[in-house]
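Listing of data24.cif; format and content: mmCIF, C-alpha atoms.
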```cif
data_my_file
loop_
_atom_site.group_PDB
_atom_site.id
_atom_site.type_symbol
_atom_site.label_atom_id
_atom_site.label_comp_id
_atom_site.auth_asym_id
_atom_site.auth_seq_id
_atom_site.Cartn_x
_atom_site.Cartn_y
_atom_site.Cartn_z
ATOM 1 C CA MET A 26 -76.567 -199.228 -0.455
ATOM 2 C CA ASN A 27 -72.951 -198.857 -1.500
ATOM 3 C CA ALA A 28 -71.570 -197.933 1.903
ATOM 4 C CA PRO A 29 -69.453 -200.784 3.235
ATOM 5 C CA THR A 30 -71.439 -202.334 6.046
ATOM 6 C CA PRO A 31 -69.702 -204.860 8.263
ATOM 7 C CA PRO A 32 -70.983 -208.345 7.528
ATOM 8 C CA THR A 33 -73.378 -209.928 9.930
ATOM 9 C CA VAL A 34 -72.152 -213.130 11.469
ATOM 10 C CA LEU A 35 -74.485 -216.056 10.955
ATOM 11 C CA ASP A 36 -74.543 -218.353 13.940
ATOM 12 C CA PRO A 37 -75.276 -222.050 13.339
ATOM 13 C CA ILE A 38 -79.022 -221.594 13.873
ATOM 14 C CA ASP A 39 -79.247 -218.667 11.432
ATOM 15 C CA ARG A 40 -77.273 -220.673 8.930
ATOM 16 C CA ALA A 41 -79.554 -223.674 9.374
ATOM 17 C CA ILE A 42 -82.545 -221.392 8.716
ATOM 18 C CA VAL A 43 -80.913 -220.133 5.497
ATOM 19 C CA VAL A 44 -80.267 -223.708 4.370
ATOM 20 C CA ALA A 45 -83.825 -224.766 5.255
ATOM 21 C CA THR A 46 -85.447 -221.898 3.303
ATOM 22 C CA GLN A 47 -83.068 -221.030 0.443
ATOM 23 C CA SER A 48 -84.985 -223.240 -1.968
ATOM 24 C CA GLY A 49 -88.309 -221.987 -0.637
ATOM 25 C CA LEU A 50 -90.595 -221.437 2.317
ATOM 26 C CA PRO A 51 -92.558 -224.581 3.260
ATOM 27 C CA LEU A 52 -95.973 -224.489 1.561
ATOM 28 C CA THR A 53 -97.861 -225.431 4.646
ATOM 29 C CA SER A 54 -100.183 -223.559 6.946
ATOM 30 C CA ARG A 55 -97.538 -222.896 9.617
ATOM 31 C CA PRO A 56 -94.247 -222.732 7.689
ATOM 32 C CA TYR A 57 -92.138 -221.320 10.508
ATOM 33 C CA HIS A 58 -93.368 -224.061 12.826
ATOM 34 C CA ALA A 59 -92.403 -226.622 10.189
ATOM 35 C CA ILE A 60 -88.896 -225.149 9.970
ATOM 36 C CA GLY A 61 -88.667 -225.052 13.753
ATOM 37 C CA ARG A 62 -89.589 -228.719 14.036
ATOM 38 C CA THR A 63 -86.956 -229.674 11.470
ATOM 39 C CA LEU A 64 -84.276 -227.669 13.239
ATOM 40 C CA GLY A 65 -85.336 -228.331 16.821
ATOM 41 C CA VAL A 66 -85.876 -224.609 17.433
ATOM 42 C CA PRO A 67 -89.112 -222.984 18.693
ATOM 43 C CA ALA A 68 -91.161 -221.356 15.902
ATOM 44 C CA ASP A 69 -91.034 -218.000 17.712
ATOM 45 C CA GLU A 70 -87.277 -218.053 17.572
ATOM 46 C CA VAL A 71 -87.297 -218.959 13.871
ATOM 47 C CA MET A 72 -89.576 -215.982 13.191
ATOM 48 C CA ARG A 73 -87.493 -213.651 15.335
ATOM 49 C CA ARG A 74 -84.349 -214.648 13.471
ATOM 50 C CA VAL A 75 -86.011 -214.326 10.054
ATOM 51 C CA GLU A 76 -87.217 -210.825 11.013
ATOM 52 C CA ARG A 77 -83.704 -209.933 12.156
ATOM 53 C CA MET A 78 -82.154 -211.171 8.903
ATOM 54 C CA ARG A 79 -84.718 -209.151 6.972
ATOM 55 C CA ALA A 80 -83.993 -206.019 9.038
ATOM 56 C CA LEU A 81 -80.267 -206.474 8.365
ATOM 57 C CA GLY A 82 -80.807 -206.823 4.616
ATOM 58 C CA LEU A 83 -79.551 -210.390 4.645
ATOM 59 C CA ILE A 84 -83.046 -211.266 3.450
ATOM 60 C CA ARG A 85 -83.688 -208.886 0.602
ATOM 61 C CA ARG A 86 -87.361 -209.759 0.343
ATOM 62 C CA ILE A 87 -89.765 -212.593 1.005
ATOM 63 C CA GLY A 88 -92.106 -213.493 -1.803
ATOM 64 C CA VAL A 89 -92.494 -214.940 -5.250
ATOM 65 C CA VAL A 90 -89.635 -215.152 -7.761
ATOM 66 C CA PRO A 91 -91.311 -215.245 -11.179
ATOM 67 C CA ASN A 92 -89.767 -216.859 -14.212
ATOM 68 C CA HIS A 93 -89.527 -213.929 -16.637
ATOM 69 C CA TYR A 94 -90.394 -215.994 -19.676
ATOM 70 C CA ALA A 95 -93.341 -217.699 -18.047
ATOM 71 C CA ILE A 96 -94.983 -214.421 -17.071
ATOM 72 C CA GLY A 97 -94.653 -213.035 -20.573
ATOM 73 C CA TYR A 98 -91.332 -211.178 -20.451
ATOM 74 C CA THR A 99 -89.764 -212.894 -23.417
ATOM 75 C CA ALA A 100 -87.252 -210.158 -24.311
ATOM 76 C CA ASN A 101 -84.753 -210.075 -21.466
ATOM 77 C CA GLY A 102 -81.740 -208.042 -22.389
ATOM 78 C CA MET A 103 -78.535 -207.332 -20.579
ATOM 79 C CA THR A 104 -77.565 -203.929 -21.941
ATOM 80 C CA VAL A 105 -73.900 -203.043 -21.621
ATOM 81 C CA TRP A 106 -72.357 -199.631 -22.160
ATOM 82 C CA ASP A 107 -68.864 -198.190 -22.413
ATOM 83 C CA VAL A 108 -69.284 -195.020 -20.378
ATOM 84 C CA ASP A 109 -66.738 -192.346 -19.530
ATOM 85 C CA ASP A 110 -65.299 -193.262 -16.126
ATOM 86 C CA ALA A 111 -65.581 -189.706 -14.895
ATOM 87 C CA ARG A 112 -69.342 -189.636 -15.522
ATOM 88 C CA VAL A 113 -70.463 -193.232 -15.060
ATOM 89 C CA ASP A 114 -71.535 -192.959 -11.417
ATOM 90 C CA ALA A 115 -73.690 -189.884 -11.883
ATOM 91 C CA LEU A 116 -75.284 -191.364 -14.999
ATOM 92 C CA GLY A 117 -75.618 -194.822 -13.456
ATOM 93 C CA ASP A 118 -77.822 -193.381 -10.730
ATOM 94 C CA LEU A 119 -80.144 -191.978 -13.405
ATOM 95 C CA VAL A 120 -80.211 -195.191 -15.444
ATOM 96 C CA GLY A 121 -80.792 -197.319 -12.359
ATOM 97 C CA ALA A 122 -83.755 -195.176 -11.372
ATOM 98 C CA LEU A 123 -85.594 -195.856 -14.662
ATOM 99 C CA ASP A 124 -88.679 -198.028 -14.226
ATOM 100 C CA ALA A 125 -87.515 -199.987 -17.234
ATOM 101 C CA VAL A 126 -84.307 -201.097 -15.527
ATOM 102 C CA SER A 127 -84.361 -203.843 -12.899
ATOM 103 C CA HIS A 128 -80.664 -204.010 -12.044
ATOM 104 C CA CYS A 129 -77.877 -201.546 -12.816
ATOM 105 C CA TYR A 130 -74.233 -202.029 -11.928
ATOM 106 C CA ARG A 131 -70.791 -200.699 -12.683
ATOM 107 C CA ARG A 132 -68.419 -203.578 -13.425
ATOM 108 C CA PRO A 133 -64.834 -203.841 -14.686
ATOM 109 C CA ARG A 134 -63.885 -203.816 -18.352
ATOM 110 C CA HIS A 135 -61.779 -206.655 -19.756
ATOM 111 C CA LEU A 136 -59.853 -204.956 -22.530
ATOM 112 C CA PRO A 137 -59.567 -205.659 -25.365
ATOM 113 C CA ASP A 138 -62.304 -208.326 -25.246
ATOM 114 C CA TRP A 139 -64.863 -206.391 -23.242
ATOM 115 C CA PRO A 140 -64.983 -202.573 -23.228
ATOM 116 C CA TYR A 141 -68.228 -202.139 -21.264
ATOM 117 C CA ASN A 142 -68.396 -200.871 -17.675
ATOM 118 C CA LEU A 143 -72.118 -200.194 -17.124
ATOM 119 C CA PHE A 144 -74.620 -203.065 -17.046
ATOM 120 C CA ALA A 145 -78.402 -202.514 -16.998
ATOM 121 C CA MET A 146 -81.024 -205.252 -17.238
ATOM 122 C CA VAL A 147 -84.192 -204.544 -19.201
ATOM 123 C CA HIS A 148 -87.217 -206.802 -19.524
ATOM 124 C CA GLY A 149 -89.869 -206.483 -22.206
ATOM 125 C CA ARG A 150 -92.887 -208.409 -23.425
ATOM 126 C CA SER A 151 -91.428 -208.015 -26.918
ATOM 127 C CA ARG A 152 -88.163 -206.955 -28.498
ATOM 128 C CA ASP A 153 -89.855 -203.683 -29.474
ATOM 129 C CA GLU A 154 -90.781 -202.950 -25.873
ATOM 130 C CA ALA A 155 -87.259 -203.789 -24.702
ATOM 131 C CA ASP A 156 -85.716 -201.705 -27.493
ATOM 132 C CA ALA A 157 -87.793 -198.704 -26.416
ATOM 133 C CA LYS A 158 -86.372 -199.078 -22.925
ATOM 134 C CA VAL A 159 -82.871 -199.269 -24.341
ATOM 135 C CA ARG A 160 -83.481 -195.982 -26.177
ATOM 136 C CA GLU A 161 -84.351 -194.333 -22.848
ATOM 137 C CA ILE A 162 -80.997 -195.440 -21.463
ATOM 138 C CA ARG A 163 -79.168 -194.253 -24.571
ATOM 139 C CA THR A 164 -80.765 -190.825 -24.250
ATOM 140 C CA ILE A 165 -79.599 -190.487 -20.663
ATOM 141 C CA LEU A 166 -76.050 -191.559 -21.409
ATOM 142 C CA GLY A 167 -75.720 -189.282 -24.429
ATOM 143 C CA ASP A 168 -72.169 -188.489 -25.488
ATOM 144 C CA ALA A 169 -70.693 -190.094 -22.346
ATOM 145 C CA CYS A 170 -71.299 -193.470 -24.005
ATOM 146 C CA ARG A 171 -68.802 -194.634 -26.626
ATOM 147 C CA ALA A 172 -70.311 -198.035 -27.502
ATOM 148 C CA SER A 173 -73.032 -200.406 -26.368
ATOM 149 C CA GLU A 174 -74.576 -203.796 -26.998
ATOM 150 C CA ILE A 175 -77.671 -205.721 -25.961
ATOM 151 C CA LEU A 176 -77.220 -209.348 -24.999
ATOM 152 C CA TYR A 177 -80.614 -211.004 -25.147
ATOM 153 C CA SER A 178 -81.048 -214.196 -23.201
ATOM 154 C CA VAL A 179 -81.613 -217.225 -25.406
ATOM 155 C CA ARG A 180 -82.640 -219.478 -22.544
ATOM 156 C CA ILE A 181 -82.455 -219.868 -18.802
ATOM 157 C CA LEU A 182 -80.072 -222.748 -18.132
ATOM 158 C CA LYS A 183 -80.342 -222.522 -14.347
ATOM 159 C CA LYS A 184 -82.237 -220.372 -11.890
ATOM 160 C CA ALA A 185 -81.760 -221.951 -8.495
ATOM 161 C CA GLY A 186 -80.592 -219.003 -6.439
ATOM 162 C CA LEU A 187 -78.339 -219.281 -3.442
ATOM 163 C CA ARG A 188 -77.473 -222.838 -2.415
ATOM 164 C CA LEU A 189 -75.368 -223.155 0.729
ATOM 165 C CA ALA A 190 -74.168 -226.631 1.628
ATOM 166 C CA HIS A 191 -76.024 -228.321 4.444
ATOM 167 C CA HIS A 192 -72.821 -228.402 6.455
ATOM 168 C CA ALA A 193 -70.338 -225.554 6.399
ATOM 169 C CA GLY A 194 -67.113 -226.687 4.749
ATOM 170 C CA ALA A 195 -68.678 -229.665 2.974
ATOM 171 C CA PRO A 196 -66.381 -230.841 0.172
ATOM 172 C CA PRO A 197 -67.464 -230.015 -3.373
ATOM 173 C CA ALA A 198 -68.944 -232.824 -5.428
ATOM 174 C CA PRO A 199 -66.503 -234.332 -7.925
ATOM 175 C CA ILE A 200 -66.856 -233.067 -11.455
ATOM 176 C CA THR A 201 -65.285 -234.619 -14.510
ATOM 177 C CA ALA A 202 -63.919 -232.783 -17.508
ATOM 178 C CA VAL A 203 -66.441 -231.467 -20.034
ATOM 179 C CA MET B 5 -94.594 -222.470 -19.288
ATOM 180 C CA HIS B 6 -96.885 -220.038 -20.926
ATOM 181 C CA ASP B 7 -98.544 -216.815 -19.924
ATOM 182 C CA ALA B 8 -101.919 -218.230 -20.932
ATOM 183 C CA ALA B 9 -101.689 -220.772 -18.132
ATOM 184 C CA MET B 10 -102.269 -217.982 -15.603
ATOM 185 C CA ASP B 11 -105.661 -216.612 -14.644
ATOM 186 C CA ASP B 12 -106.323 -213.196 -13.104
ATOM 187 C CA THR B 13 -105.957 -214.515 -9.571
ATOM 188 C CA ASP B 14 -102.569 -215.999 -10.449
ATOM 189 C CA ARG B 15 -101.492 -212.639 -11.841
ATOM 190 C CA ARG B 16 -102.543 -210.877 -8.668
ATOM 191 C CA ILE B 17 -100.564 -213.391 -6.621
ATOM 192 C CA VAL B 18 -97.463 -212.770 -8.736
ATOM 193 C CA ASN B 19 -97.859 -208.994 -8.512
ATOM 194 C CA VAL B 20 -98.833 -208.691 -4.851
ATOM 195 C CA LEU B 21 -96.596 -211.321 -3.323
ATOM 196 C CA GLN B 22 -93.271 -210.104 -4.703
ATOM 197 C CA ASP B 23 -92.425 -208.591 -1.357
ATOM 198 C CA ALA B 24 -93.592 -208.102 2.212
ATOM 199 C CA PHE B 25 -94.801 -211.630 2.783
ATOM 200 C CA PRO B 26 -95.588 -211.689 6.509
ATOM 201 C CA VAL B 27 -93.428 -213.388 9.089
ATOM 202 C CA SER B 28 -96.038 -214.802 11.420
ATOM 203 C CA ALA B 29 -97.493 -218.095 12.571
ATOM 204 C CA ARG B 30 -100.029 -218.246 9.693
ATOM 205 C CA PRO B 31 -98.517 -216.026 6.986
ATOM 206 C CA TYR B 32 -100.433 -217.634 4.113
ATOM 207 C CA ARG B 33 -103.721 -216.899 5.855
ATOM 208 C CA THR B 34 -102.786 -213.213 6.253
ATOM 209 C CA ALA B 35 -101.581 -212.927 2.647
ATOM 210 C CA ALA B 36 -104.617 -214.804 1.356
ATOM 211 C CA ARG B 37 -106.998 -212.351 3.036
ATOM 212 C CA ARG B 38 -105.289 -209.476 1.227
ATOM 213 C CA LEU B 39 -105.983 -211.312 -2.028
ATOM 214 C CA GLY B 40 -109.539 -212.338 -1.136
ATOM 215 C CA LEU B 41 -108.561 -216.009 -1.047
ATOM 216 C CA THR B 42 -108.536 -218.688 1.568
ATOM 217 C CA GLU B 43 -105.292 -219.929 3.027
ATOM 218 C CA SER B 44 -105.587 -223.313 1.326
ATOM 219 C CA GLU B 45 -106.454 -221.721 -2.034
ATOM 220 C CA LEU B 46 -103.332 -219.576 -1.867
ATOM 221 C CA ILE B 47 -101.088 -222.479 -0.888
ATOM 222 C CA GLY B 48 -102.601 -224.630 -3.647
ATOM 223 C CA ARG B 49 -102.067 -221.930 -6.259
ATOM 224 C CA LEU B 50 -98.480 -221.310 -5.166
ATOM 225 C CA LYS B 51 -97.778 -225.038 -5.461
ATOM 226 C CA ARG B 52 -99.218 -225.096 -8.960
ATOM 227 C CA LEU B 53 -97.358 -221.949 -10.073
ATOM 228 C CA LEU B 54 -94.109 -223.507 -8.867
ATOM 229 C CA ARG B 55 -94.889 -226.827 -10.533
ATOM 230 C CA THR B 56 -95.739 -225.231 -13.872
ATOM 231 C CA GLY B 57 -92.635 -223.031 -13.783
ATOM 232 C CA VAL B 58 -94.397 -219.660 -13.585
ATOM 233 C CA LEU B 59 -92.500 -219.165 -10.343
ATOM 234 C CA SER B 60 -88.874 -220.163 -9.905
ATOM 235 C CA ARG B 61 -89.149 -219.982 -6.143
ATOM 236 C CA PHE B 62 -91.266 -218.762 -3.286
ATOM 237 C CA GLY B 63 -89.702 -217.638 -0.032
ATOM 238 C CA PRO B 64 -86.867 -215.515 1.302
ATOM 239 C CA LEU B 65 -84.441 -214.079 -1.218
ATOM 240 C CA TYR B 66 -81.074 -213.902 0.496
ATOM 241 C CA GLN B 67 -78.356 -211.293 0.031
ATOM 242 C CA ILE B 68 -75.509 -213.411 1.358
ATOM 243 C CA GLU B 69 -72.955 -210.605 0.983
ATOM 244 C CA ARG B 70 -74.484 -209.129 4.136
ATOM 245 C CA ALA B 71 -73.148 -212.170 5.951
ATOM 246 C CA GLY B 72 -69.665 -212.227 4.437
ATOM 247 C CA GLY B 73 -70.622 -214.177 1.327
ATOM 248 C CA ARG B 74 -70.139 -213.166 -2.242
ATOM 249 C CA TYR B 75 -71.950 -213.044 -5.576
ATOM 250 C CA LEU B 76 -69.940 -212.885 -8.765
ATOM 251 C CA LEU B 77 -71.190 -212.431 -12.326
ATOM 252 C CA CYS B 78 -69.047 -214.420 -14.758
ATOM 253 C CA ALA B 79 -69.021 -214.908 -18.497
ATOM 254 C CA MET B 80 -67.474 -217.481 -20.799
ATOM 255 C CA ARG B 81 -67.009 -217.865 -24.516
ATOM 256 C CA VAL B 82 -68.068 -221.466 -25.045
ATOM 257 C CA PRO B 83 -67.892 -223.117 -28.478
ATOM 258 C CA HIS B 84 -71.437 -223.935 -29.599
ATOM 259 C CA ASP B 85 -70.892 -227.683 -29.625
ATOM 260 C CA ARG B 86 -69.820 -227.566 -25.969
ATOM 261 C CA VAL B 87 -72.579 -225.354 -24.537
ATOM 262 C CA GLY B 88 -74.678 -228.306 -23.390
ATOM 263 C CA ALA B 89 -71.817 -230.035 -21.584
ATOM 264 C CA VAL B 90 -70.535 -226.875 -19.931
ATOM 265 C CA ALA B 91 -74.054 -225.880 -18.892
ATOM 266 C CA ALA B 92 -74.561 -229.337 -17.370
ATOM 267 C CA MET B 93 -71.364 -228.948 -15.374
ATOM 268 C CA LEU B 94 -72.448 -225.526 -14.106
ATOM 269 C CA ASP B 95 -75.876 -226.912 -13.289
ATOM 270 C CA ALA B 96 -74.260 -229.507 -11.030
ATOM 271 C CA MET B 97 -72.278 -226.915 -9.058
ATOM 272 C CA PRO B 98 -74.155 -225.561 -6.022
ATOM 273 C CA GLU B 99 -72.147 -222.330 -6.281
ATOM 274 C CA VAL B 100 -73.857 -221.518 -9.604
ATOM 275 C CA ALA B 101 -77.023 -219.619 -8.680
ATOM 276 C CA HIS B 102 -78.156 -218.649 -12.185
ATOM 277 C CA ASN B 103 -76.974 -219.386 -15.676
ATOM 278 C CA TYR B 104 -78.218 -217.764 -18.866
ATOM 279 C CA GLU B 105 -77.312 -218.386 -22.470
ATOM 280 C CA ARG B 106 -77.081 -215.097 -24.380
ATOM 281 C CA ASP B 107 -76.740 -214.320 -28.076
ATOM 282 C CA HIS B 108 -73.175 -213.018 -28.022
ATOM 283 C CA VAL B 109 -69.650 -214.350 -28.400
ATOM 284 C CA PHE B 110 -69.676 -214.259 -24.592
ATOM 285 C CA ASN B 111 -72.536 -216.736 -24.605
ATOM 286 C CA LEU B 112 -72.754 -218.113 -21.060
ATOM 287 C CA TRP B 113 -73.431 -215.679 -18.228
ATOM 288 C CA PHE B 114 -73.726 -217.083 -14.758
ATOM 289 C CA VAL B 115 -73.752 -215.888 -11.164
ATOM 290 C CA LEU B 116 -71.690 -217.622 -8.520
ATOM 291 C CA ALA B 117 -72.945 -217.366 -4.937
ATOM 292 C CA ALA B 118 -71.063 -218.681 -1.934
ATOM 293 C CA GLU B 119 -70.444 -218.089 1.732
ATOM 294 C CA SER B 120 -67.035 -216.521 1.239
ATOM 295 C CA PRO B 121 -65.022 -214.790 -1.482
ATOM 296 C CA ALA B 122 -62.546 -217.665 -1.273
ATOM 297 C CA ALA B 123 -65.255 -220.201 -2.069
ATOM 298 C CA VAL B 124 -66.241 -218.176 -5.134
ATOM 299 C CA ASP B 125 -62.611 -217.999 -6.256
ATOM 300 C CA ARG B 126 -62.284 -221.762 -5.880
ATOM 301 C CA ALA B 127 -65.388 -222.251 -8.017
ATOM 302 C CA VAL B 128 -63.898 -220.042 -10.759
ATOM 303 C CA ASP B 129 -60.675 -222.065 -10.664
ATOM 304 C CA ARG B 130 -62.557 -225.357 -10.903
ATOM 305 C CA ILE B 131 -64.591 -224.198 -13.877
ATOM 306 C CA GLU B 132 -61.453 -223.072 -15.689
ATOM 307 C CA ASP B 133 -59.620 -226.303 -14.811
ATOM 308 C CA VAL B 134 -62.430 -228.574 -15.922
ATOM 309 C CA THR B 135 -63.387 -226.716 -19.104
ATOM 310 C CA GLY B 136 -60.013 -225.327 -20.150
ATOM 311 C CA LEU B 137 -61.873 -222.082 -20.937
ATOM 312 C CA GLN B 138 -61.289 -218.660 -19.447
ATOM 313 C CA VAL B 139 -63.839 -217.343 -16.953
ATOM 314 C CA PHE B 140 -64.236 -213.560 -17.177
ATOM 315 C CA ALA B 141 -65.193 -212.158 -13.778
ATOM 316 C CA PHE B 142 -67.410 -209.095 -13.488
ATOM 317 C CA PRO B 143 -67.524 -208.191 -9.791
ATOM 318 C CA LYS B 144 -69.947 -205.387 -9.070
ATOM 319 C CA GLN B 145 -68.083 -202.210 -8.327
ATOM 320 C CA ARG B 146 -71.176 -200.192 -7.682
ATOM 321 C CA GLU B 147 -74.898 -200.942 -7.522
ATOM 322 C CA TYR B 148 -77.036 -198.081 -8.716
ATOM 323 C CA PHE B 149 -80.541 -199.204 -7.927
ATOM 324 C CA LEU B 150 -82.443 -202.394 -7.543
ATOM 325 C CA ASP B 151 -86.085 -202.983 -8.287
ATOM 326 C CA LEU B 152 -86.744 -206.634 -8.893
ATOM 327 C CA ARG B 153 -90.478 -206.388 -9.429
ATOM 328 C CA LEU B 154 -92.190 -207.219 -12.668
ATOM 329 C CA THR B 155 -95.900 -206.813 -13.189
ATOM 330 C CA VAL B 156 -98.037 -209.184 -15.215
#
```

Once you've parsed the file, please lay out its structure as structure tokens.
Amino acid sequence: MNAPTPPTVLDPIDRAIVVATQSGLPLTSRPYHAIGRTLGVPADEVMRRVERMRALGLIRRIGVVPNHYAIGYTANGMTVWDVDDARVDALGDLVGALDAVSHCYRRPRHLPDWPYNLFAMVHGRSRDEADAKVREIRTILGDACRASEILYSVRILKKAGLRLAHHAGAPPAPITAV
Amino acid sequence: MHDAAMDDTDRRIVNVLQDAFPVSARPYRTAARRLGLTESELIGRLKRLLRTGVLSRFGPLYQIERAGGRYLLCAMRVPHDRVGAVAAMLDAMPEVAHNYERDHVFNLWFVLAAESPAAVDRAVDRIEDVTGLQVFAFPKQREYFLDLRLTV
């Protein structure tokens, strides 16, 4: 997963398929035919290209993306830890493997404002459930961890996912000062 | 958006259809059979779950870094009276994939997603120019594991 793999080149048809499906698969009986009609490409070719993108990992998965809050996970915490650099990778593998953790990354510190280098997302149906998961992480990290915090989400302001422009190189929309 | 709005069939859809949706001429029919539903029942339920906000999306989840693109987690310290305006600006930018408000002095956490690292860098510059606030970038240096499934 961390080995540098050379990027796949998206040709214009692949890219058009990404643009046509990034906000969702058509909710119609023959969705790949619908995409093919829009793009002027046979449905078989659309499916072949989607399968190829999935095999290459460019499509991580195909399915539902639930809204955490709406399905009852109201305590969504980003836990952040200041972990000894010499031990963070070995411990990160253990933390990431916990069922309680959905994503786990090493990221840079921004000293002095931000001392944390290990990020692990936990989701609970209550703060108590999330806190129990945080205790599991704390136990694994032990004395390699100098400090930690939990940043609970207050609200989802946007959850759109990837949004490529319809045309490569399209100029950004103007935005005024806020 | 409330858990109570889901029945058992909805829960099974959410749990079963998080991955491995078929790529075939009639994928909803195949998936529906696995769930003991008809194709039109499944499509109708997916439409409703999207409309009511139980689902954010249904379809392929792209990892654009495999095609030369980039994701970047960013954080900002936004004064409370400006959160709404800054969030509205981020909402209008297609490069902003997700944005969460968190209870911390670093209160806005968002993910930029674009076709190239340069496009992500330009988005960071624009946000800093427009807001006058610093954007703290947290590029992933290592990914330890990823399991995006949640059961209901």

Query raised in the report: In Å, with one decimal, what is the gap from atom CA of Ala169 of chain A to atom CA of His148 of chain A?
Result: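 Between atom CA of Ala169 of chain A and atom CA of His148 of chain A the gap is 23.7 Å.
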
Query raised in the report: For Ala122 of chain B, which residue among B:Arg49, B:Arg37, B:Arg74, B:Arg55 is the nearest when counting all atoms listed in the file?
Result: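 Nearest candidate to Ala122 of chain B out of B:Arg49, B:Arg37, B:Arg74, B:Arg55: B:Arg74.
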
Query raised in the report: Selected by the PyMOL selection byres ((chain B and resi 15) around 12) in the shown coordinates: which residues, as a PyMOL selection string?
Result: (chain A and resi 89+91+95-97) or (chain B and resi 7-14+16-22+39+49-50+53+58-59+154-156)

**Report entry** Shell around segment 91-107 of chain B at 9 Å using only C-alpha atoms, local window under 6 positions removed, as JSON, numbers by chain
**Finding:** {"A": [102, 103, 175, 176, 177, 178, 179, 180, 181, 182, 183, 184, 185, 186, 187, 188, 189, 190, 197, 198, 200, 201, 202, 203], "B": [75, 113, 114, 115, 116, 117, 118, 123, 124, 127, 131, 134]}

Query - Pick from A:Val90, A:Ile60, A:Val105, A:Ala111, whichever lies nearest to Phe144 of chain A using only C-alpha atoms - result: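 That would be A:Val105, the residue with the smallest distance to Phe144 of chain A.
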
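Picture a line from atom CA of Tyr98 of chain A to atom CA of Tyr148 of chain B; it runs 22.7 Å.
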
Query - Matched chain/residue IDs from the PyMOL selection byres ((chain A and resi 116) around 12), as a PyMOL selection string - result: (chain A and resi 106-115+117-123+129-131+143-145+162-170) or (chain B and resi 148-149)

Query raised in the report: For Val43 of chain A, which residue among B:Phe110, B:Thr135, B:Gln145, B:Gly63 is the nearest when counting all atoms listed in the file?
Result: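 Of the candidates, the smallest distance to Val43 of chain A is held by B:Gly63.
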
Report summary line: Across A:Pro32, A:Pro56, A:Gly65, A:Pro37, the smallest distance to Gly82 of chain A, with only C-alpha atoms counted, is shown by A:Pro32

Report task. Give the answer as one residue: which of A:His128, A:Arg77, A:Arg62, A:Arg40 has the shortest atom-to-atom distance to chain B, using only C-alpha atoms? Result ->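 Among A:His128, A:Arg77, A:Arg62, A:Arg40, it is A:His128 that comes nearest to chain B.
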
Query raised in the report: Between atom CA of Leu136 of chain A and atom CA of Asn101 of chain A, what is the spacing in Å?
Result: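 Calculated distance between atom CA of Asn101 of chain A and atom CA of Leu136 of chain A is 25.4 Å.
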
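What the PyMOL selection byres ((chain A and resi 85) around 10) grabs from this file is Met78, Arg79, Ala80, Leu81, Gly82, Leu83, Ile84, Arg86, Ile87 and Gly88 of chain A; Asp23, Pro64, Leu65, Tyr66, Gln67, Ile68 and Arg70 of chain B.
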
Query raised in the report: Residues at most 8 Å from Arg152 of chain A, counting all atoms listed in the file, excluding those fewer than 4 positions away in the same chain, as a ChimeraX atom specification?
Result: /A:99-100,156

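Of the residues listed (A:Lys158, A:Pro137, A:His58, A:Ala45), A:His58 shows the shortest atom-to-atom separation from chain B; distances use all atoms listed in the file.
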